[in-house]
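These notes concern the structure reproduced below.
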Amino acid sequence: MNVQLLAHTPEPEKVIATAAKLCYSNSDISNLQDSLTEDKVVKFIDTLMSLGHESPVEHVSFTFGIEGISRACSHQLVRHRIASYSQQSQRYVNMNNFNYITPPSIEKYENVHLMYNDVMTYLADHYEAIQSVLANNFMEEFMASGMNEKDARSAAEKKANEDARMILPNACETKIIVTMNIRSLFNFFKHRCCNRAQWEIRAVAMEMWNLCMDVAPNIFKYAGPDCVTKNKCSEGKMSCGTKAIMNYDVKGTTNV
């Protein structure tokens, strides 16, 4: 798994403080910004979060590049609707010899791991065979209809990919770029840093939170599941019974 912070709004905490302060001031925006020292920014953010006023944080966004996760994980990720996503296409990208993610629980047991790898090899072999046969058949059909060889080959490959992908597993590795504003990130971290979250997306969420902390620690120290931010679990009877741990240090490491 590889999670990178590709871009973010410059001076994110100052932008948030400016937006929040503007709501209660008749000063010009430039004067508001000039008057915001680092100490005042931190104080204003603390006040803002204590009051639960979240709309100003929507002015700041973060863009992440995420590689080496499964389709099962990305399907959970895109359920967070207020965000922008660009994902590697299994229609335009041929998935011959695809990489796949193996859960730790499967790696733990040798006999299960062997069965798992056998299934992945079987699917990879049959994907390649099905895709190849379909591509040849489609190309013949397209050329018979009058399409030139170059265009026919390109169209046939794409059409073969989009049909052969039906046998690809949830474990199939994918890549995705994600952009969220801070309010959406707070919601994401609330649900996905929780101990009850699926192991893979929790690992992604913790990496994203860690990267956000590097840039804006005074705002993201308030992020996390309810057991961390409110000292109360919101899962009711489905609670894990253990408080989540979100440790951050200057080396940029997170202890999950």
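Scheme for the structure tokens: letters A, B, ... for chains in order shown; per-chain residue numbers from 1; ligand numbers from 1 in order shown.
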DSSP on the backbone: which residues in stretch 105-188 of chain A end up as alpha helix (DSSP H)? Give the answer as number ranges by chain. A: 105-108, 110-144, 149-164, 182-188
Those same residues - C-alpha atoms - I'd like them written as a tab-separated table (two decimals), in the first residue's frame.
```tsv
chain	number	residue	atom	x	y	z
A	105	SER	CA	-5.65	-13.55	8.03
A	106	ILE	CA	-5.08	-15.57	4.85
A	107	GLU	CA	-1.31	-15.06	4.91
A	108	LYS	CA	-1.30	-16.35	8.48
A	110	GLU	CA	-0.14	-21.63	4.94
A	111	ASN	CA	-2.83	-24.01	3.69
A	112	VAL	CA	-5.33	-21.19	3.22
A	113	HIS	CA	-2.69	-19.00	1.57
A	114	LEU	CA	-1.89	-21.74	-0.95
A	115	MET	CA	-5.57	-22.16	-1.84
A	116	TYR	CA	-5.94	-18.39	-2.19
A	117	ASN	CA	-2.95	-18.10	-4.52
A	118	ASP	CA	-4.23	-21.04	-6.59
A	119	VAL	CA	-7.56	-19.26	-7.10
A	120	MET	CA	-5.83	-16.03	-8.12
A	121	THR	CA	-3.62	-17.88	-10.60
A	122	TYR	CA	-6.67	-19.65	-12.02
A	123	LEU	CA	-8.53	-16.38	-12.47
A	124	ALA	CA	-5.49	-14.65	-14.03
A	125	ASP	CA	-5.00	-17.46	-16.53
A	126	HIS	CA	-8.66	-17.53	-17.52
A	127	TYR	CA	-8.92	-13.74	-17.70
A	128	GLU	CA	-6.03	-13.69	-20.18
A	129	ALA	CA	-7.54	-16.53	-22.23
A	130	ILE	CA	-11.03	-15.02	-22.34
A	131	GLN	CA	-9.71	-11.54	-23.13
A	132	SER	CA	-7.54	-12.86	-25.96
A	133	VAL	CA	-10.33	-14.88	-27.60
A	134	LEU	CA	-12.80	-12.02	-27.30
A	135	ALA	CA	-10.30	-9.52	-28.72
A	136	ASN	CA	-9.66	-11.70	-31.78
A	137	ASN	CA	-13.36	-12.29	-32.37
A	138	PHE	CA	-14.27	-8.63	-31.97
A	139	MET	CA	-11.47	-7.56	-34.29
A	140	GLU	CA	-12.73	-9.87	-37.02
A	141	GLU	CA	-16.24	-8.47	-36.60
A	142	PHE	CA	-15.07	-4.85	-36.68
A	143	MET	CA	-12.90	-5.37	-39.76
A	144	ALA	CA	-15.74	-7.19	-41.49
A	149	GLU	CA	-7.07	-2.67	-38.81
A	150	LYS	CA	-5.63	-0.13	-36.34
A	151	ASP	CA	-9.01	1.16	-35.16
A	152	ALA	CA	-10.45	-2.36	-35.12
A	153	ARG	CA	-7.65	-3.63	-32.88
A	154	SER	CA	-8.04	-0.73	-30.44
A	155	ALA	CA	-11.83	-1.09	-30.24
A	156	ALA	CA	-11.59	-4.87	-29.91
A	157	GLU	CA	-9.10	-4.67	-27.03
A	158	LYS	CA	-11.29	-2.24	-25.10
A	159	LYS	CA	-14.44	-4.28	-25.65
A	160	ALA	CA	-12.63	-7.49	-24.69
A	161	ASN	CA	-11.30	-5.86	-21.51
A	162	GLU	CA	-14.72	-4.62	-20.43
A	163	ASP	CA	-16.28	-8.08	-20.75
A	164	ALA	CA	-13.36	-10.20	-19.49
A	182	ILE	CA	-11.70	18.74	5.43
A	183	ARG	CA	-15.31	18.32	6.48
A	184	SER	CA	-15.51	15.19	4.31
A	185	LEU	CA	-12.19	14.00	5.67
A	186	PHE	CA	-13.49	14.38	9.23
A	187	ASN	CA	-16.46	12.16	8.31
A	188	PHE	CA	-14.13	9.69	6.58
```
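Residues in contact with A:Gln33 at up to 10 Å, not including ones fewer than 5 positions away on its chain and judged by only C-alpha atoms, are A:Lys14, A:Val15, A:Ala17, A:Thr18, A:Ala19, A:Lys21, A:Leu22, A:Ser27, A:Asp28, A:Val41.
We find atom CA of A:His75 and atom CA of A:Ser61 to be spaced 21.4 Å apart.
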Give me every strand (DSSP E or B) residue in stretch 10-151 of chain A, going by DSSP on the backbone, as a short mmCIF file (atom, residue, chain, number, x, y, z; two decimals) with C-alpha atoms, in the first residue's frame.
```cif
data_model
loop_
_atom_site.label_atom_id
_atom_site.label_comp_id
_atom_site.auth_asym_id
_atom_site.auth_seq_id
_atom_site.Cartn_x
_atom_site.Cartn_y
_atom_site.Cartn_z
CA SER A 61 -9.12 20.33 0.32
CA PHE A 62 -6.51 17.57 0.18
CA THR A 63 -5.67 15.33 -2.79
CA PHE A 64 -4.22 11.85 -2.25
CA GLY A 65 -2.72 9.27 -4.56
CA ILE A 66 -3.43 5.73 -3.35
CA GLU A 67 -1.83 2.60 -4.82
CA GLY A 68 -1.68 -1.04 -3.89
CA ILE A 69 -5.19 -1.43 -2.51
CA SER A 70 -7.86 -3.90 -3.50
CA SER A 84 -13.72 13.48 -6.29
CA TYR A 85 -12.27 10.21 -7.58
CA SER A 86 -10.18 9.11 -10.55
CA GLN A 87 -9.57 5.36 -10.61
CA TYR A 100 -3.76 -8.80 -5.97
#
```
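Compared by their closest atoms to A:Arg192, and using only C-alpha atoms, the residues A:Gln76, A:Ser50, A:Asn96, A:Gln4 rank with A:Gln76 nearest.
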